[in-house]
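Colleague: Data: entry32.csv, CSV, C-alpha atoms.
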chain,number,residue,atom,x,y,z
A,1,MET,CA,-170.5,-39.5,107.6
A,2,SER,CA,-168.8,-36.2,106.9
A,3,PHE,CA,-168.8,-34.0,103.8
A,4,LYS,CA,-167.3,-30.6,104.6
A,5,ILE,CA,-165.6,-27.7,102.8
A,6,THR,CA,-163.5,-25.4,104.9
A,7,ILE,CA,-162.4,-22.1,103.3
A,8,LEU,CA,-158.7,-21.4,103.8
A,9,GLY,CA,-158.3,-18.6,101.3
A,10,SER,CA,-160.7,-16.5,99.2
A,11,SER,CA,-158.7,-13.6,97.8
A,12,GLY,CA,-157.9,-13.1,94.1
A,13,ALA,CA,-154.5,-12.6,92.6
A,14,VAL,CA,-152.9,-11.1,95.8
A,15,PRO,CA,-153.5,-11.2,99.5
A,16,ALA,CA,-155.7,-8.3,100.6
A,17,PHE,CA,-157.5,-7.0,103.6
A,18,GLY,CA,-156.5,-10.1,105.6
A,19,ARG,CA,-157.7,-12.4,102.9
A,20,PHE,CA,-155.4,-15.2,101.8
A,21,PRO,CA,-155.2,-16.5,98.2
A,22,SER,CA,-157.3,-19.5,97.1
A,23,SER,CA,-157.3,-22.7,99.1
A,24,GLN,CA,-159.9,-25.1,100.5
A,25,LEU,CA,-159.9,-28.2,102.6
A,26,VAL,CA,-162.4,-30.8,101.5
A,27,GLU,CA,-163.3,-33.7,103.8
A,28,ILE,CA,-165.4,-36.6,102.6
A,29,GLN,CA,-166.0,-39.6,104.9
A,30,ASN,CA,-162.7,-38.9,106.8
A,31,GLU,CA,-160.6,-38.5,103.7
A,32,PHE,CA,-158.9,-35.1,103.5
A,33,MET,CA,-158.0,-33.2,100.3
A,34,LEU,CA,-156.7,-29.8,99.5
A,35,VAL,CA,-158.1,-27.8,96.6
A,36,ASP,CA,-155.7,-25.2,95.4
A,37,CYS,CA,-152.8,-24.1,97.7
A,38,GLY,CA,-152.3,-20.4,97.6
A,39,GLU,CA,-149.7,-18.5,99.6
A,40,GLY,CA,-150.2,-19.1,103.3
A,41,ALA,CA,-152.3,-22.3,103.0
A,42,GLN,CA,-150.4,-24.1,105.7
A,43,ILE,CA,-150.8,-21.2,108.1
A,44,GLN,CA,-154.5,-21.3,107.5
A,45,LEU,CA,-154.6,-25.0,108.0
A,46,LEU,CA,-152.9,-24.6,111.4
A,47,LYS,CA,-155.2,-21.7,112.3
A,48,PHE,CA,-158.4,-23.6,111.5
A,49,ASN,CA,-157.3,-27.0,113.0
A,50,GLY,CA,-156.6,-28.8,109.7
A,51,ASN,CA,-154.2,-31.7,110.1
A,52,LEU,CA,-151.5,-31.4,107.4
A,53,GLN,CA,-150.5,-35.0,107.6
A,54,ARG,CA,-154.0,-36.3,106.9
A,55,ILE,CA,-154.1,-34.7,103.5
A,56,ASN,CA,-153.3,-37.3,100.8
A,57,HIS,CA,-154.5,-35.5,97.7
A,58,ILE,CA,-153.9,-32.0,96.5
A,59,PHE,CA,-155.7,-30.6,93.4
A,60,ILE,CA,-154.3,-27.5,91.7
A,61,SER,CA,-156.7,-25.9,89.3
A,62,HIS,CA,-154.0,-24.0,87.3
A,63,LEU,CA,-150.5,-22.6,87.5
A,64,HIS,CA,-151.2,-19.0,88.3
A,65,GLY,CA,-149.2,-18.3,91.5
A,66,ASP,CA,-152.2,-17.4,93.7
A,67,HIS,CA,-153.3,-21.0,93.3
A,68,TYR,CA,-150.1,-22.9,94.1
A,69,LEU,CA,-147.4,-20.7,95.7
A,70,GLY,CA,-148.2,-22.1,99.2
A,71,LEU,CA,-147.4,-25.7,98.0
A,72,MET,CA,-143.6,-25.8,98.6
A,73,GLY,CA,-144.0,-24.5,102.2
A,74,LEU,CA,-146.6,-27.1,102.9
A,75,LEU,CA,-144.5,-29.9,101.4
A,76,PHE,CA,-141.5,-28.9,103.5
A,77,SER,CA,-143.6,-28.8,106.7
A,78,MET,CA,-144.9,-32.3,105.9
A,79,HIS,CA,-141.3,-33.4,105.5
A,80,LEU,CA,-140.1,-31.7,108.7
A,81,ASN,CA,-142.9,-33.4,110.6
A,82,HIS,CA,-141.7,-36.8,109.4
A,83,ARG,CA,-144.4,-37.6,106.9
A,84,THR,CA,-143.6,-40.9,105.1
A,85,LYS,CA,-146.9,-41.6,103.3
A,86,GLU,CA,-147.0,-40.8,99.6
A,87,LEU,CA,-148.8,-37.6,98.5
A,88,HIS,CA,-150.8,-37.3,95.2
A,89,LEU,CA,-150.6,-34.0,93.3
A,90,TYR,CA,-153.0,-33.2,90.4
A,91,SER,CA,-152.4,-30.3,88.1
A,92,HIS,CA,-151.9,-29.3,84.5
A,93,ARG,CA,-148.4,-29.8,83.0
A,94,GLY,CA,-145.6,-27.9,84.7
A,95,LEU,CA,-146.1,-28.4,88.4
A,96,GLN,CA,-143.7,-31.4,88.5
A,97,ASP,CA,-140.9,-29.3,86.9
A,98,ILE,CA,-141.6,-26.4,89.3
A,99,ILE,CA,-141.3,-28.6,92.4
A,100,ILE,CA,-138.3,-30.6,91.2
A,101,THR,CA,-136.4,-27.4,90.3
A,102,GLN,CA,-137.0,-26.0,93.8
A,103,LEU,CA,-135.9,-29.3,95.4
A,104,LYS,CA,-132.8,-29.4,93.2
A,105,TYR,CA,-131.6,-25.9,94.0
A,106,SER,CA,-132.3,-26.2,97.7
A,107,ASN,CA,-130.4,-29.5,97.7
A,108,SER,CA,-133.4,-31.1,99.4
A,109,ALA,CA,-135.1,-34.5,99.3
A,110,LEU,CA,-138.5,-35.1,100.8
A,111,ARG,CA,-139.0,-38.1,103.1
A,112,PHE,CA,-142.1,-39.1,101.2
A,113,ARG,CA,-143.0,-39.8,97.6
A,114,LEU,CA,-144.8,-37.4,95.4
A,115,LEU,CA,-147.1,-38.9,92.8
A,116,PHE,CA,-147.9,-36.4,90.0
A,117,HIS,CA,-151.1,-36.7,88.0
A,118,GLU,CA,-151.3,-34.5,84.9
A,119,LEU,CA,-154.7,-33.1,83.9
A,120,THR,CA,-155.9,-33.0,80.3
A,121,PRO,CA,-156.8,-29.5,79.2
A,122,GLY,CA,-160.4,-29.0,78.0
A,123,ILE,CA,-161.5,-32.5,78.9
A,124,GLN,CA,-163.8,-33.7,81.7
A,125,GLU,CA,-162.2,-36.9,83.1
A,126,THR,CA,-162.2,-38.9,86.3
A,127,ILE,CA,-158.9,-38.4,88.1
A,128,LEU,CA,-159.6,-40.1,91.4
A,129,ASP,CA,-161.8,-43.2,92.1
A,130,SER,CA,-161.8,-44.0,95.8
A,131,LYS,CA,-163.9,-46.3,97.9
A,132,HIS,CA,-166.5,-43.7,98.8
A,133,PHE,CA,-166.3,-41.0,96.0
A,134,THR,CA,-164.9,-39.9,92.7
A,135,VAL,CA,-163.3,-36.7,91.6
A,136,GLU,CA,-163.7,-35.4,88.0
A,137,THR,CA,-162.2,-32.4,86.3
A,138,ILE,CA,-164.3,-29.5,85.1
A,139,PRO,CA,-162.9,-27.8,82.0
A,140,LEU,CA,-162.7,-24.0,82.6
A,141,LYS,CA,-161.9,-21.1,80.3
A,142,HIS,CA,-159.1,-18.9,81.6
A,143,LYS,CA,-155.7,-17.5,80.5
A,144,LEU,CA,-154.0,-20.7,81.3
A,145,ASP,CA,-155.1,-24.4,81.1
A,146,CYS,CA,-157.5,-24.5,84.0
A,147,SER,CA,-159.7,-27.1,85.6
A,148,GLY,CA,-162.3,-27.2,88.3
A,149,PHE,CA,-163.1,-30.3,90.3
A,150,LEU,CA,-166.3,-32.2,90.9
A,151,PHE,CA,-166.5,-34.4,94.0
A,152,ARG,CA,-169.3,-37.0,94.0
A,153,GLU,CA,-170.1,-39.6,96.6
A,154,LYS,CA,-170.8,-43.1,95.2
A,155,ILE,CA,-174.2,-44.8,95.8
A,156,LYS,CA,-174.3,-45.8,99.4
A,157,PRO,CA,-175.4,-49.2,100.7
A,158,ARG,CA,-179.0,-49.8,101.7
A,159,ARG,CA,-179.7,-49.3,105.4
A,160,ILE,CA,-180.9,-52.1,107.6
A,161,ASP,CA,-184.3,-51.6,109.1
A,162,LYS,CA,-183.6,-52.7,112.6
A,163,ASP,CA,-187.3,-52.9,113.5
A,164,LYS,CA,-187.9,-55.6,110.8
A,165,ILE,CA,-184.8,-57.8,111.0
A,166,PRO,CA,-185.7,-61.4,112.0
A,167,ALA,CA,-183.8,-63.1,114.8
A,168,ASP,CA,-182.3,-65.7,112.5
A,169,ILE,CA,-180.4,-63.4,110.2
A,170,SER,CA,-176.7,-64.0,110.2
A,171,LEU,CA,-173.9,-61.3,109.9
A,172,ALA,CA,-173.2,-62.5,106.4
A,173,GLN,CA,-176.8,-62.1,105.4
A,174,LEU,CA,-176.9,-58.6,106.9
A,175,ALA,CA,-173.9,-57.7,104.7
A,176,ALA,CA,-175.7,-59.1,101.7
A,177,LEU,CA,-178.8,-57.0,102.5
A,178,LYS,CA,-176.7,-53.8,102.4
A,179,THR,CA,-175.6,-54.6,98.9
A,180,GLY,CA,-179.2,-54.9,97.8
A,181,SER,CA,-179.3,-58.7,97.7
A,182,ASP,CA,-182.3,-60.8,98.8
A,183,ILE,CA,-181.9,-63.5,101.4
A,184,MET,CA,-182.3,-67.0,100.0
A,185,ASP,CA,-183.2,-70.2,101.8
A,186,ASP,CA,-181.4,-73.6,101.6
A,187,HIS,CA,-183.3,-74.4,98.5
A,188,GLY,CA,-182.3,-71.3,96.6
A,189,LYS,CA,-185.6,-69.6,96.9
A,190,ILE,CA,-186.2,-66.1,98.2
A,191,LYS,CA,-186.7,-66.2,102.0
A,192,TYR,CA,-186.7,-62.4,102.5
A,193,LYS,CA,-187.0,-59.7,99.9
A,194,ASN,CA,-184.4,-57.0,100.4
A,195,GLU,CA,-186.9,-54.2,100.3
A,196,SER,CA,-188.9,-55.7,103.2
A,197,LEU,CA,-185.9,-55.5,105.5
A,198,THR,CA,-184.0,-52.4,104.4
A,199,LEU,CA,-184.4,-48.7,103.9
A,200,PRO,CA,-183.1,-46.7,100.8
A,201,PRO,CA,-179.5,-45.6,100.8
A,202,ARG,CA,-178.6,-42.2,102.3
A,203,LYS,CA,-178.2,-39.4,99.9
A,204,SER,CA,-175.0,-39.3,97.8
A,205,ARG,CA,-173.7,-35.7,98.1
A,206,SER,CA,-171.8,-33.6,95.6
A,207,TYR,CA,-169.5,-30.5,95.5
A,208,ALA,CA,-168.2,-28.6,92.5
A,209,TYR,CA,-165.2,-26.2,92.6
A,210,CYS,CA,-165.0,-23.8,89.7
A,211,SER,CA,-161.8,-21.8,90.0
A,212,ASP,CA,-160.8,-19.0,87.6
A,213,THR,CA,-163.1,-18.9,84.6
A,214,ILE,CA,-165.0,-16.6,82.2
A,215,TYR,CA,-168.8,-16.7,82.3
A,216,ASP,CA,-169.3,-20.1,80.6
A,217,ILE,CA,-172.8,-21.6,80.1
A,218,ASP,CA,-171.2,-24.9,79.3
A,219,LEU,CA,-170.7,-25.3,83.0
A,220,ILE,CA,-174.4,-25.6,83.6
A,221,ASN,CA,-174.7,-29.1,82.4
A,222,ILE,CA,-171.6,-30.3,84.3
A,223,VAL,CA,-172.6,-28.9,87.7
A,224,GLN,CA,-176.3,-29.6,87.3
A,225,GLN,CA,-178.0,-30.1,90.7
A,226,VAL,CA,-174.9,-30.4,92.7
A,227,ASP,CA,-175.5,-29.8,96.4
A,228,VAL,CA,-172.9,-27.0,96.7
A,229,LEU,CA,-171.1,-25.1,93.9
A,230,TYR,CA,-168.1,-22.8,94.5
A,231,HIS,CA,-167.8,-20.4,91.6
A,232,GLU,CA,-165.3,-17.6,91.4
A,233,ALA,CA,-166.8,-14.1,91.6
A,234,THR,CA,-163.7,-11.9,91.2
A,235,PHE,CA,-165.7,-8.7,90.2
A,236,MET,CA,-169.0,-7.0,90.5
A,237,THR,CA,-171.1,-6.2,87.4
A,238,GLN,CA,-169.9,-2.6,87.4
A,239,ASP,CA,-166.5,-4.0,86.6
A,240,GLU,CA,-167.6,-6.6,84.0
A,241,ASP,CA,-165.3,-5.2,81.4
A,242,LYS,CA,-162.4,-6.0,83.7
A,243,ALA,CA,-163.7,-9.5,84.2
A,244,SER,CA,-163.9,-10.0,80.5
A,245,GLU,CA,-160.4,-8.7,80.0
A,246,THR,CA,-158.9,-10.9,82.7
A,247,LYS,CA,-161.1,-13.9,81.9
A,248,HIS,CA,-162.8,-13.9,85.2
A,249,SER,CA,-166.5,-13.8,86.3
A,250,THR,CA,-168.7,-11.4,88.2
A,251,ALA,CA,-170.8,-12.3,91.2
A,252,ALA,CA,-174.0,-12.0,89.1
A,253,GLN,CA,-172.6,-14.3,86.4
A,254,ALA,CA,-171.6,-16.9,89.0
A,255,ALA,CA,-175.2,-16.7,90.4
A,256,ARG,CA,-176.7,-17.1,87.0
A,257,ILE,CA,-174.7,-20.3,86.4
A,258,ALA,CA,-175.8,-21.7,89.8
A,259,LYS,CA,-179.4,-20.8,89.3
A,260,GLU,CA,-179.6,-22.4,85.8
A,261,ALA,CA,-177.8,-25.5,87.1
A,262,GLN,CA,-180.3,-25.7,90.0
A,263,VAL,CA,-177.6,-26.1,92.6
A,264,GLY,CA,-178.5,-26.3,96.3
A,265,LYS,CA,-176.1,-23.7,97.5
A,266,LEU,CA,-173.6,-21.3,95.8
A,267,ILE,CA,-170.4,-20.1,97.4
A,268,ILE,CA,-168.6,-17.2,95.8
A,269,GLY,CA,-164.9,-16.3,96.2
A,270,HIS,CA,-161.6,-15.3,94.6
A,271,PHE,CA,-162.4,-11.6,95.4
A,272,SER,CA,-160.5,-8.8,93.7
A,273,ALA,CA,-158.3,-6.7,96.0
A,274,ARG,CA,-160.3,-3.6,94.8
A,275,TYR,CA,-163.1,-4.7,97.2
A,276,LYS,CA,-162.4,-4.2,100.9
A,277,GLU,CA,-166.0,-5.0,101.9
A,278,LEU,CA,-167.7,-8.1,100.4
A,279,ASP,CA,-171.4,-7.4,101.2
A,280,LEU,CA,-172.0,-5.8,97.8
A,281,LEU,CA,-170.7,-8.9,95.9
A,282,TRP,CA,-172.9,-11.1,98.2
A,283,GLN,CA,-176.0,-8.9,97.6
A,284,GLU,CA,-175.4,-8.9,93.8
A,285,ALA,CA,-175.3,-12.7,93.7
A,286,ARG,CA,-178.0,-13.2,96.2
A,287,SER,CA,-180.4,-11.0,94.2
A,288,ILE,CA,-180.3,-13.8,91.6
A,289,LEU,CA,-179.9,-16.9,93.9
A,290,ALA,CA,-181.0,-16.6,97.5
A,291,THR,CA,-178.8,-19.5,98.7
A,292,THR,CA,-175.6,-17.7,98.0
A,293,GLU,CA,-172.9,-17.5,100.6
A,294,LEU,CA,-169.5,-15.8,100.8
A,295,ALA,CA,-166.3,-17.8,101.0
A,296,LEU,CA,-165.2,-16.3,104.3
A,297,GLU,CA,-162.0,-17.8,105.6
A,298,GLY,CA,-162.5,-20.2,108.5
A,299,THR,CA,-166.1,-21.0,107.4
A,300,THR,CA,-166.9,-24.7,107.1
A,301,PHE,CA,-169.8,-25.6,104.9
A,302,GLU,CA,-171.2,-29.1,105.7
A,303,ILE,CA,-173.3,-31.0,103.2
A,304,HIS,CA,-175.8,-33.1,105.1
A,305,GLU,CA,-177.2,-36.5,104.0
Would you give me this structure, written as structure tokens?
Modeller:
Amino acid sequence: MSFKITILGSSGAVPAFGRFPSSQLVEIQNEFMLVDCGEGAQIQLLKFNGNLQRINHIFISHLHGDHYLGLMGLLFSMHLNHRTKELHLYSHRGLQDIIITQLKYSNSALRFRLLFHELTPGIQETILDSKHFTVETIPLKHKLDCSGFLFREKIKPRRIDKDKIPADISLAQLAALKTGSDIMDDHGKIKYKNESLTLPPRKSRSYAYCSDTIYDIDLINIVQQVDVLYHEATFMTQDEDKASETKHSTAAQAARIAKEAQVGKLIIGHFSARYKELDLLWQEARSILATTELALEGTTFEIHE
């Protein structure tokens, strides 16, 4: 089953050199979610074949404009395309007021219901518990209340070993095997041990999104051994004083967090407009962690089982 991250925007505070502000499309087992929604997010969704109407959850890390100013355009496009299914919005306090004010003064009413979920500053909490995965917040340290998001698949069912299944197994018994149960006979005794007929579950995958933040070693424990980590890398080390002043991170700092957390792959993004070419940021991070990739728009990162 799918677990994909598509980069829609990777620029910092302003669009620059063809790069759009922060936004990503996350797909987990055919459920689609948007993480941040910078200016032009819907244009990027259309460009990279993202279906607007299949998005049911939007996570906004914080209320700096480059992370949410694409939201109203997206909502109106959903409305004009006759969406009726409710949409869940997750953010720190203020987003509901922002949206309601814009609807009020444009004399507009959406065809679908918005469900607002307010994040708790400084706290790691589960904000979505679906059938196949959970989403937790990651407390980040920035100028405003800010949270990253940790996506984790739940433990998957055991797999039936087709080469070992007896002919007399019923469909109900097959379902029981997937849950880890043994097969019992009519007298309540074990007829088949689960391990003799099944294979271990497929890997449960994970993705951590760390939006705007200072270099923060507290993140290491939270994102420990995730398959893929996105960590902002607004600046290079030569501009570390600017990173400190604006409460952002350098490419090297992002890589150090990822290396200490033993993540499988690091994706860096949120690039400052001072950098037209990104290879130097990539090289800086890659010198610390070889599995570093750039958040290039249109790139899809797939996490395999």
Colleague: Quick one: residues within 10 Å of region 277-291 of chain A, only C-alpha atoms counted, chain neighbours fewer than 5 positions away excluded, as a PyMOL selection string?
Modeller: chain A and resi 17+228+233-237+250-260+262-269+271-272+296
Colleague: Restricting the calculation to all atoms listed in the file: of A:Lys193, A:Arg113, A:His92, A:Lys242, which residue gets closest to Lys164 (chain A)?
Modeller: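 Nearest candidate to Lys164 (chain A) out of A:Lys193, A:Arg113, A:His92, A:Lys242: A:Lys193.
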Colleague: Mind checking which residues fall within 8 Å of Leu110 (chain A), counting all atoms listed in the file, ignoring those fewer than 4 positions away in the same chain, and posting them as a PyMOL selection string?
Modeller: chain A and resi 75-76+79
Colleague: For a cutoff of 6 Å around the file-coordinate point (-158.1, -29.6, 97.6), which residues qualify once you count only C-alpha atoms? I'd like the result as a ChimeraX atom specification.
Modeller: /A:24-26,33-36,58-59
Colleague: Give the answer as one residue: which of A:Ser108, A:Ser204, A:Asn56, A:Ser10 has the shortest atom-to-atom distance to Glu305 (chain A), using all atoms listed in the file?
Modeller: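 Closest to Glu305 (chain A) of all the choices is A:Ser204.
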Colleague: Kindly complete region 76-99 of chain A to N, CA and C atoms; the output should be written as a compact mmCIF listing (two decimals), in the coordinates of the input.
Modeller:
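What landed in part.txt:
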# COMPACT_ATOMS: atom_id res chain seq x y z
N PHE A 76 -142.59 -28.90 102.58
CA PHE A 76 -141.50 -28.90 103.50
C PHE A 76 -141.93 -29.12 104.95
N SER A 77 -143.08 -28.54 105.31
CA SER A 77 -143.60 -28.80 106.70
C SER A 77 -143.98 -30.22 106.87
N MET A 78 -144.60 -30.82 105.87
CA MET A 78 -144.90 -32.30 105.90
C MET A 78 -143.62 -33.06 106.13
N HIS A 79 -142.59 -32.69 105.39
CA HIS A 79 -141.30 -33.40 105.50
C HIS A 79 -140.70 -33.22 106.88
N LEU A 80 -140.67 -32.00 107.39
CA LEU A 80 -140.10 -31.70 108.70
C LEU A 80 -140.84 -32.38 109.84
N ASN A 81 -142.12 -32.67 109.58
CA ASN A 81 -142.90 -33.40 110.60
C ASN A 81 -142.94 -34.88 110.34
N HIS A 82 -141.95 -35.35 109.56
CA HIS A 82 -141.70 -36.80 109.40
C HIS A 82 -142.77 -37.53 108.66
N ARG A 83 -143.41 -36.88 107.71
CA ARG A 83 -144.40 -37.60 106.90
C ARG A 83 -143.61 -38.66 106.05
N THR A 84 -144.19 -39.83 105.95
CA THR A 84 -143.60 -40.90 105.10
C THR A 84 -144.62 -41.37 104.05
N LYS A 85 -145.90 -41.09 104.27
CA LYS A 85 -146.90 -41.60 103.30
C LYS A 85 -146.88 -40.75 102.05
N GLU A 86 -147.07 -41.42 100.92
CA GLU A 86 -147.00 -40.80 99.60
C GLU A 86 -148.14 -39.70 99.52
N LEU A 87 -147.90 -38.72 98.66
CA LEU A 87 -148.80 -37.60 98.50
C LEU A 87 -149.12 -37.48 96.98
N HIS A 88 -150.40 -37.40 96.62
CA HIS A 88 -150.80 -37.30 95.20
C HIS A 88 -151.07 -35.82 94.88
N LEU A 89 -150.46 -35.37 93.78
CA LEU A 89 -150.60 -34.00 93.30
C LEU A 89 -151.24 -34.03 91.91
N TYR A 90 -152.30 -33.27 91.71
CA TYR A 90 -153.00 -33.20 90.40
C TYR A 90 -152.95 -31.81 89.89
N SER A 91 -152.45 -31.67 88.67
CA SER A 91 -152.40 -30.30 88.10
C SER A 91 -152.15 -30.45 86.57
N HIS A 92 -152.25 -29.32 85.91
CA HIS A 92 -151.90 -29.30 84.50
C HIS A 92 -150.33 -29.32 84.41
N ARG A 93 -149.85 -29.57 83.21
CA ARG A 93 -148.40 -29.80 83.00
C ARG A 93 -147.60 -28.58 83.50
N GLY A 94 -146.53 -28.89 84.19
CA GLY A 94 -145.60 -27.90 84.70
C GLY A 94 -145.33 -27.93 86.15
N LEU A 95 -146.29 -28.41 86.95
CA LEU A 95 -146.10 -28.40 88.40
C LEU A 95 -144.92 -29.30 88.81
N GLN A 96 -144.79 -30.45 88.17
CA GLN A 96 -143.70 -31.40 88.50
C GLN A 96 -142.34 -30.67 88.29
N ASP A 97 -142.20 -29.97 87.17
CA ASP A 97 -140.90 -29.30 86.90
C ASP A 97 -140.69 -28.18 87.93
N ILE A 98 -141.73 -27.47 88.33
CA ILE A 98 -141.60 -26.40 89.30
C ILE A 98 -141.08 -26.95 90.65
N ILE A 99 -141.68 -28.04 91.09
CA ILE A 99 -141.30 -28.60 92.40
C ILE A 99 -139.92 -29.23 92.34
